[in-house]
Amino acid sequence: METKVFKPDEIPAAAALLAAGELVAFPTETVYGLGADATNVDAVKQVYRAKGRPSDNPLIVHVADVATVERFAMPLSETAKKLIKAFWPGPLTMIFKLKPNALATEVTGGLQTAAFRNPDNAATLALIRAAKTPVVGPSANTSGKPSPTLAEHVYHDLNGKIAGILDDGPTKVGVESTVLDLSTDQPAILRPGAITPEAIEAVIGMPVQTEAHHVGATEVPKAPGMKYKHYAPNAQVYIVDRSEDWPQALAWAAQQDVPMGVMATDAILNQNQIPSNCERFSLGTDIQSASQRLFAGLRHFDTETEIKDILCQAFENKGLGLAYMNRLNKSAGQTHFSV
């Protein structure tokens with residue numbers, strides 16, 4: 001199969017492929033998604049095959065309007081309506097109870113709930129409208145690998161496996177959407193993202209559960225990222241927790257007889273002497289730029305097969321840092337550099 005790259009002025013052609021049951025990757029403000037008609041079971045099955053994704057890992061349904069959600073979900077609560085008004089379009093995914101037999105088990109993982117999102121990307125909203133169907137959209141990468149933040153990342157992983165890629169340049173946020181479960185009595189964040197617990201609580205006026213568990217081997221996860229290994233490059237990632245740990249981490253790196261990767265903010269890179277066997281990748285100036293560049297950095301070092309170890313900067317586990325550290329810990333397998 002030839003994978004065609006579409007520009008935003010070619011959306012009708014990309015939408016025609018989606019409507020015909022083909023797979024088309026699309027941009028969002030978070031990462032690139034792998035799109036298929038959410039109402040076409042055969043198309044959805046292709047998503048799992050193309051990614052190598054476990055079949056019990058549910059998919060997020062991307063919509064262009066609230067009316068589409070209401071076709072499939074039980075009546076929306078006042079809490080849901082407040083959140084939609086505040087954060088859609090945007091990087092907030094919400095899980096709702098479904099009407100009976102509203103969506104195929106291939107979308108829901110066999111659950112009676114489904115996750116919906118209205119992405120903040122004009123090209124993708126136009127694509128969904130033109131295809132005239134809601135679109136499932138897991139990250140457009142090989143399952144378990146760092147998520148794609150450029151069309152080139154998608155092409156690297158899925159060229160020849162999907163029909164097309166809608167290229168709208170780099171994503172703005174860089175980590176996947178916040179997933180909020182509204183199918184339970186107390187709203188619960190199942191995956192942290194750019195929409196923080198504090199921002200959600202300020203809108204709905206009630207506490208949000210943030211200690212969602214990692215599901216067991218026999219459980220079906222309600223949201224992506226809760227059960228299987230995610231975001232991991234080929235190299236081993238070591239998390240450097242504090243700025244004062246960097247001199248010792250770099251001294252250790254200098255003693256290794258192989259090339260090393262270093263991912264840190266400009267301040268860390270400029271304040272420390274980077275050993276000659278280390279290649280640097282800038283995470284920019286703050287948590288916003290670091291979140292946007294995290295997956296790009298991991299993918300960068302994946303292309304350099306001689307690099308077996310990567311030192312990566314930690315951030316405080318609050319605000320956007322919750323999402324950043326969630327992804328980084330999974331990338332590293334919870335491995336931290338020990339001083």
# chains A, B, ... in the order shown; residues from 1 in each chain; ligands from 1

$ residues_around --residues "Arg71 in chain A" --least-positions-apart "6" --cutoff "10 Å" --atoms "only C-alpha atoms" --output "list of chain:residue names"
A:Leu98, A:Lys99, A:Ala102

$ residues_around --residues "His336 in chain A" --least-positions-apart "3" --cutoff "12 Å" --atoms "only C-alpha atoms" --output "list in words"
Gln236, Val237, Tyr238, Ile239, Val240, Asp241, Arg242, Asp245, Ala249, Ile310, Leu311, Cys312, Gln313, Ala314, Met325, Leu328, Asn329, Lys330, Ser331, Ala332, Gly333 and Val339 of chain A

$ closest_residue --among "A:Ser282, A:Thr68, A:Asn121, A:Ser143" --to "Asp168 in chain A" --atoms "only C-alpha atoms"
A:Asn121

$ closest_residue --among "A:Arg280, A:Arg49, A:Arg327, A:His153" --to "Pro27 in chain A" --atoms "only C-alpha atoms"
A:His153

$ residues_around --residues "Asn326 in chain A" --least-positions-apart "4" --cutoff "9 Å" --atoms "only C-alpha atoms" --output "PyMOL selection string"
chain A and resi 191-193+317+321-322+330-331

$ atom_distance --atom1 "CA of Ser177 in chain A" --atom2 "CA of Ala232 in chain A"
18.2 Å

$ residues_around --residues "range 79-82 of chain A" --least-positions-apart "4" --cutoff "8 Å" --atoms "only C-alpha atoms" --output "list in words"
Ala86, Leu182, Val203 and Ile204 of chain A

$ write_last_selection --atoms "C-alpha atoms" --output "tab-separated table (two decimals), in the first residue's frame"
chain	number	residue	atom	x	y	z
A	86	ALA	CA	-15.09	25.12	29.03
A	182	LEU	CA	-17.60	10.69	33.82
A	203	VAL	CA	-15.28	24.34	36.34
A	204	ILE	CA	-17.38	21.60	37.97

$ residues_around --residues "His156 in chain A" --least-positions-apart "4" --cutoff "12 Å" --atoms "only C-alpha atoms" --output "compact mmCIF listing (two decimals) with C-alpha atoms, in the first residue's frame"
# COMPACT_ATOMS: atom_id res chain seq x y z
CA THR A 3 0.82 5.92 2.04
CA ALA A 140 -0.49 7.06 15.00
CA ASN A 141 2.56 5.03 15.94
CA THR A 142 3.65 1.45 16.43
CA LYS A 145 6.61 3.43 20.97
CA PRO A 146 6.81 7.22 21.54
CA SER A 147 3.77 9.02 20.21
CA PRO A 148 4.12 11.01 16.95
CA THR A 149 4.21 14.80 17.05
CA LEU A 150 5.11 15.21 13.36
CA ALA A 151 3.72 13.67 10.20
CA GLU A 152 7.24 12.36 9.56
CA GLY A 160 2.82 1.13 3.71
CA LYS A 161 0.35 0.13 6.44
CA ILE A 162 -2.15 3.00 6.11
CA ILE A 165 -1.51 11.08 6.52
CA ARG A 299 12.10 9.45 18.59
CA HIS A 300 15.23 11.38 17.60
CA ASP A 302 15.49 6.01 18.32
CA THR A 303 16.86 6.80 14.85

$ residues_around --residues "Thr133 in chain A" --least-positions-apart "2" --cutoff "10 Å" --atoms "only C-alpha atoms" --output "PDB file with N, CA and C atoms, in the first residue's frame"
ATOM      1  N   ALA A  15     -10.601  12.704   3.339  1.00  0.00           N
ATOM      2  CA  ALA A  15     -11.893  12.339   3.913  1.00  0.00           C
ATOM      3  C   ALA A  15     -12.562  11.222   3.110  1.00  0.00           C
ATOM      4  N   LEU A  18     -11.185   7.961   4.306  1.00  0.00           N
ATOM      5  CA  LEU A  18     -11.776   7.590   5.594  1.00  0.00           C
ATOM      6  C   LEU A  18     -13.184   7.029   5.407  1.00  0.00           C
ATOM      7  N   ALA A  19     -13.983   7.730   4.619  1.00  0.00           N
ATOM      8  CA  ALA A  19     -15.364   7.306   4.393  1.00  0.00           C
ATOM      9  C   ALA A  19     -15.440   5.954   3.689  1.00  0.00           C
ATOM     10  N   ALA A  36      -9.862   6.112  11.733  1.00  0.00           N
ATOM     11  CA  ALA A  36     -10.722   5.183  11.000  1.00  0.00           C
ATOM     12  C   ALA A  36     -12.157   5.520  11.355  1.00  0.00           C
ATOM     13  N   ASP A  37     -13.083   5.215  10.445  1.00  0.00           N
ATOM     14  CA  ASP A  37     -14.507   5.416  10.675  1.00  0.00           C
ATOM     15  C   ASP A  37     -14.932   4.614  11.910  1.00  0.00           C
ATOM     16  N   ALA A  38     -15.369   5.318  12.971  1.00  0.00           N
ATOM     17  CA  ALA A  38     -15.704   4.655  14.229  1.00  0.00           C
ATOM     18  C   ALA A  38     -16.920   3.752  14.113  1.00  0.00           C
ATOM     19  N   THR A  39     -17.702   3.881  13.045  1.00  0.00           N
ATOM     20  CA  THR A  39     -18.892   3.055  12.858  1.00  0.00           C
ATOM     21  C   THR A  39     -18.647   1.888  11.905  1.00  0.00           C
ATOM     22  N   ASN A  40     -17.430   1.768  11.409  1.00  0.00           N
ATOM     23  CA  ASN A  40     -17.069   0.717  10.455  1.00  0.00           C
ATOM     24  C   ASN A  40     -16.163  -0.292  11.170  1.00  0.00           C
ATOM     25  N   HIS A  62     -13.137  10.585  18.071  1.00  0.00           N
ATOM     26  CA  HIS A  62     -12.983  12.009  17.813  1.00  0.00           C
ATOM     27  C   HIS A  62     -14.199  12.525  17.037  1.00  0.00           C
ATOM     28  N   VAL A  63     -14.750  13.623  17.515  1.00  0.00           N
ATOM     29  CA  VAL A  63     -15.978  14.171  16.930  1.00  0.00           C
ATOM     30  C   VAL A  63     -15.779  15.646  16.598  1.00  0.00           C
ATOM     31  N   ALA A  64     -16.621  16.129  15.688  1.00  0.00           N
ATOM     32  CA  ALA A  64     -16.562  17.536  15.300  1.00  0.00           C
ATOM     33  C   ALA A  64     -17.600  18.377  16.031  1.00  0.00           C
ATOM     34  N   THR A  68     -22.839  14.694  17.769  1.00  0.00           N
ATOM     35  CA  THR A  68     -22.360  13.346  17.450  1.00  0.00           C
ATOM     36  C   THR A  68     -22.223  12.514  18.712  1.00  0.00           C
ATOM     37  N   LEU A 127     -11.714  17.541   8.450  1.00  0.00           N
ATOM     38  CA  LEU A 127     -11.627  16.162   7.960  1.00  0.00           C
ATOM     39  C   LEU A 127     -12.804  15.330   8.474  1.00  0.00           C
ATOM     40  N   ILE A 128     -13.115  15.438   9.765  1.00  0.00           N
ATOM     41  CA  ILE A 128     -14.210  14.670  10.351  1.00  0.00           C
ATOM     42  C   ILE A 128     -15.539  15.077   9.725  1.00  0.00           C
ATOM     43  N   ARG A 129     -15.728  16.384   9.545  1.00  0.00           N
ATOM     44  CA  ARG A 129     -16.979  16.855   8.932  1.00  0.00           C
ATOM     45  C   ARG A 129     -17.107  16.353   7.494  1.00  0.00           C
ATOM     46  N   ALA A 130     -16.001  16.411   6.751  1.00  0.00           N
ATOM     47  CA  ALA A 130     -16.048  15.984   5.354  1.00  0.00           C
ATOM     48  C   ALA A 130     -16.278  14.481   5.224  1.00  0.00           C
ATOM     49  N   ALA A 131     -15.737  13.694   6.170  1.00  0.00           N
ATOM     50  CA  ALA A 131     -15.930  12.242   6.141  1.00  0.00           C
ATOM     51  C   ALA A 131     -17.327  11.853   6.614  1.00  0.00           C
ATOM     52  N   VAL A 135     -14.544   9.565  14.202  1.00  0.00           N
ATOM     53  CA  VAL A 135     -13.287   8.910  13.822  1.00  0.00           C
ATOM     54  C   VAL A 135     -12.548   8.434  15.067  1.00  0.00           C
ATOM     55  N   VAL A 136     -12.251   7.139  15.133  1.00  0.00           N
ATOM     56  CA  VAL A 136     -11.373   6.672  16.211  1.00  0.00           C
ATOM     57  C   VAL A 136      -9.973   7.196  15.935  1.00  0.00           C
TER      58      VAL A 136
END

$ residues_around --residues "Glu304 in chain A" --least-positions-apart "6" --cutoff "10 Å" --atoms "only C-alpha atoms" --output "ChimeraX atom specification"
/A:234-235,259,261

$ write_last_selection --atoms "N, CA, C and O atoms" --output "mmCIF file, in the first residue's frame"
data_model
loop_
_atom_site.group_PDB
_atom_site.id
_atom_site.type_symbol
_atom_site.label_atom_id
_atom_site.label_comp_id
_atom_site.auth_asym_id
_atom_site.auth_seq_id
_atom_site.Cartn_x
_atom_site.Cartn_y
_atom_site.Cartn_z
ATOM 1 N N ASN A 234 13.897 2.600 21.890
ATOM 2 C CA ASN A 234 14.742 1.404 21.958
ATOM 3 C C ASN A 234 15.789 1.530 23.055
ATOM 4 O O ASN A 234 16.170 0.533 23.681
ATOM 5 N N ALA A 235 16.289 2.732 23.289
ATOM 6 C CA ALA A 235 17.295 2.961 24.325
ATOM 7 C C ALA A 235 16.650 2.962 25.713
ATOM 8 O O ALA A 235 15.455 3.203 25.861
ATOM 9 N N PRO A 259 28.028 5.979 22.866
ATOM 10 C CA PRO A 259 27.356 7.276 22.781
ATOM 11 C C PRO A 259 26.109 7.306 23.673
ATOM 12 O O PRO A 259 25.411 6.305 23.817
ATOM 13 N N GLY A 261 22.584 9.776 25.056
ATOM 14 C CA GLY A 261 21.683 10.866 24.759
ATOM 15 C C GLY A 261 21.386 11.668 26.015
ATOM 16 O O GLY A 261 21.296 11.105 27.107
#

$ select_by_dssp --residues "range 57-294 of chain A" --states "alpha helix (DSSP H)" --output "PyMOL selection string"
chain A and resi 66-72+78-87+105-108+122-131+151-158+197-204+246-254+266-271+287-294

$ write_last_selection --atoms "C-alpha atoms" --output "PDB file, in the first residue's frame"
ATOM      1  CA  VAL A  66     -21.500  17.557  20.605  1.00  0.00           C
ATOM      2  CA  ALA A  67     -24.473  16.303  18.584  1.00  0.00           C
ATOM      3  CA  THR A  68     -22.360  13.346  17.450  1.00  0.00           C
ATOM      4  CA  VAL A  69     -21.617  12.392  21.056  1.00  0.00           C
ATOM      5  CA  GLU A  70     -25.326  12.533  21.840  1.00  0.00           C
ATOM      6  CA  ARG A  71     -26.019   9.993  19.062  1.00  0.00           C
ATOM      7  CA  PHE A  72     -24.058   7.356  20.965  1.00  0.00           C
ATOM      8  CA  GLU A  78     -24.734  18.984  33.697  1.00  0.00           C
ATOM      9  CA  THR A  79     -21.142  18.300  34.725  1.00  0.00           C
ATOM     10  CA  ALA A  80     -20.335  17.065  31.223  1.00  0.00           C
ATOM     11  CA  LYS A  81     -22.018  20.067  29.626  1.00  0.00           C
ATOM     12  CA  LYS A  82     -19.979  22.462  31.777  1.00  0.00           C
ATOM     13  CA  LEU A  83     -16.742  20.731  30.802  1.00  0.00           C
ATOM     14  CA  ILE A  84     -17.668  20.703  27.112  1.00  0.00           C
ATOM     15  CA  LYS A  85     -18.370  24.430  27.241  1.00  0.00           C
ATOM     16  CA  ALA A  86     -15.085  25.123  29.029  1.00  0.00           C
ATOM     17  CA  PHE A  87     -12.662  22.808  27.241  1.00  0.00           C
ATOM     18  CA  THR A 105     -16.830  -3.771  20.947  1.00  0.00           C
ATOM     19  CA  GLU A 106     -13.760  -3.124  18.786  1.00  0.00           C
ATOM     20  CA  VAL A 107     -14.107   0.556  19.756  1.00  0.00           C
ATOM     21  CA  THR A 108     -15.071   0.104  23.410  1.00  0.00           C
ATOM     22  CA  ALA A 122      -9.051  23.057  12.318  1.00  0.00           C
ATOM     23  CA  ALA A 123      -7.748  20.645   9.678  1.00  0.00           C
ATOM     24  CA  THR A 124      -8.884  17.581  11.592  1.00  0.00           C
ATOM     25  CA  LEU A 125     -12.292  19.043  12.429  1.00  0.00           C
ATOM     26  CA  ALA A 126     -12.739  19.734   8.708  1.00  0.00           C
ATOM     27  CA  LEU A 127     -11.627  16.162   7.960  1.00  0.00           C
ATOM     28  CA  ILE A 128     -14.210  14.670  10.351  1.00  0.00           C
ATOM     29  CA  ARG A 129     -16.979  16.855   8.932  1.00  0.00           C
ATOM     30  CA  ALA A 130     -16.048  15.984   5.354  1.00  0.00           C
ATOM     31  CA  ALA A 131     -15.930  12.242   6.141  1.00  0.00           C
ATOM     32  CA  ALA A 151       3.716  13.672  10.198  1.00  0.00           C
ATOM     33  CA  GLU A 152       7.238  12.359   9.561  1.00  0.00           C
ATOM     34  CA  HIS A 153       7.000  10.280  12.760  1.00  0.00           C
ATOM     35  CA  VAL A 154       3.796   8.692  11.481  1.00  0.00           C
ATOM     36  CA  TYR A 155       5.354   7.981   8.099  1.00  0.00           C
ATOM     37  CA  HIS A 156       8.352   6.342   9.788  1.00  0.00           C
ATOM     38  CA  ASP A 157       6.150   3.906  11.746  1.00  0.00           C
ATOM     39  CA  LEU A 158       3.216   3.279   9.414  1.00  0.00           C
ATOM     40  CA  PRO A 197      -7.241  18.419  37.839  1.00  0.00           C
ATOM     41  CA  GLU A 198      -7.321  21.954  39.254  1.00  0.00           C
ATOM     42  CA  ALA A 199      -8.734  23.363  36.009  1.00  0.00           C
ATOM     43  CA  ILE A 200     -11.433  20.693  35.901  1.00  0.00           C
ATOM     44  CA  GLU A 201     -12.375  21.176  39.567  1.00  0.00           C
ATOM     45  CA  ALA A 202     -12.654  24.931  39.042  1.00  0.00           C
ATOM     46  CA  VAL A 203     -15.279  24.339  36.343  1.00  0.00           C
ATOM     47  CA  ILE A 204     -17.377  21.601  37.973  1.00  0.00           C
ATOM     48  CA  TRP A 246      23.060  16.477  36.680  1.00  0.00           C
ATOM     49  CA  PRO A 247      26.841  16.862  37.318  1.00  0.00           C
ATOM     50  CA  GLN A 248      27.026  13.306  38.684  1.00  0.00           C
ATOM     51  CA  ALA A 249      24.734  11.936  35.991  1.00  0.00           C
ATOM     52  CA  LEU A 250      26.899  13.468  33.285  1.00  0.00           C
ATOM     53  CA  ALA A 251      30.077  12.251  34.989  1.00  0.00           C
ATOM     54  CA  TRP A 252      28.616   8.738  34.878  1.00  0.00           C
ATOM     55  CA  ALA A 253      27.713   9.199  31.220  1.00  0.00           C
ATOM     56  CA  ALA A 254      31.265  10.317  30.414  1.00  0.00           C
ATOM     57  CA  ASP A 266      18.532  24.861  27.798  1.00  0.00           C
ATOM     58  CA  ALA A 267      19.343  25.965  31.351  1.00  0.00           C
ATOM     59  CA  ILE A 268      20.578  22.488  32.304  1.00  0.00           C
ATOM     60  CA  LEU A 269      22.466  22.062  29.036  1.00  0.00           C
ATOM     61  CA  ASN A 270      24.170  25.453  29.383  1.00  0.00           C
ATOM     62  CA  GLN A 271      24.998  25.147  33.084  1.00  0.00           C
ATOM     63  CA  ILE A 287       7.470  22.430  31.164  1.00  0.00           C
ATOM     64  CA  GLN A 288       5.370  23.604  28.193  1.00  0.00           C
ATOM     65  CA  SER A 289       8.190  23.242  25.698  1.00  0.00           C
ATOM     66  CA  ALA A 290       9.462  20.075  27.389  1.00  0.00           C
ATOM     67  CA  SER A 291       6.060  18.408  27.042  1.00  0.00           C
ATOM     68  CA  GLN A 292       5.852  19.467  23.411  1.00  0.00           C
ATOM     69  CA  ARG A 293       9.331  18.087  22.638  1.00  0.00           C
ATOM     70  CA  LEU A 294       9.499  14.953  24.835  1.00  0.00           C
TER      71      LEU A 294
END

$ select_by_dssp --residues "range 42-249 of chain A" --states "strand (DSSP E or B)" --output "PyMOL selection string"
chain A and resi 60-62+73+92-98+113-117+135-136+139+164-166+178-181+188-191+209+236-240

$ closest_residue --among "A:Pro54, A:Pro207, A:Leu298, A:Lys308" --to "Gln256 in chain A" --atoms "only C-alpha atoms"
A:Lys308

$ closest_residue --among "A:Thr113, A:Thr30, A:Asn277, A:Thr184" --to "Val61 in chain A" --atoms "only C-alpha atoms"
A:Thr113

$ closest_residue --among "A:Gly90, A:Pro119, A:Gly297, A:Gly52" --to "Gly144 in chain A" --atoms "only C-alpha atoms"
A:Gly52

$ closest_residue --among "A:Ala163, A:Val208, A:Val175, A:Val44" --to "Glu22 in chain A" --atoms "only C-alpha atoms"
A:Ala163
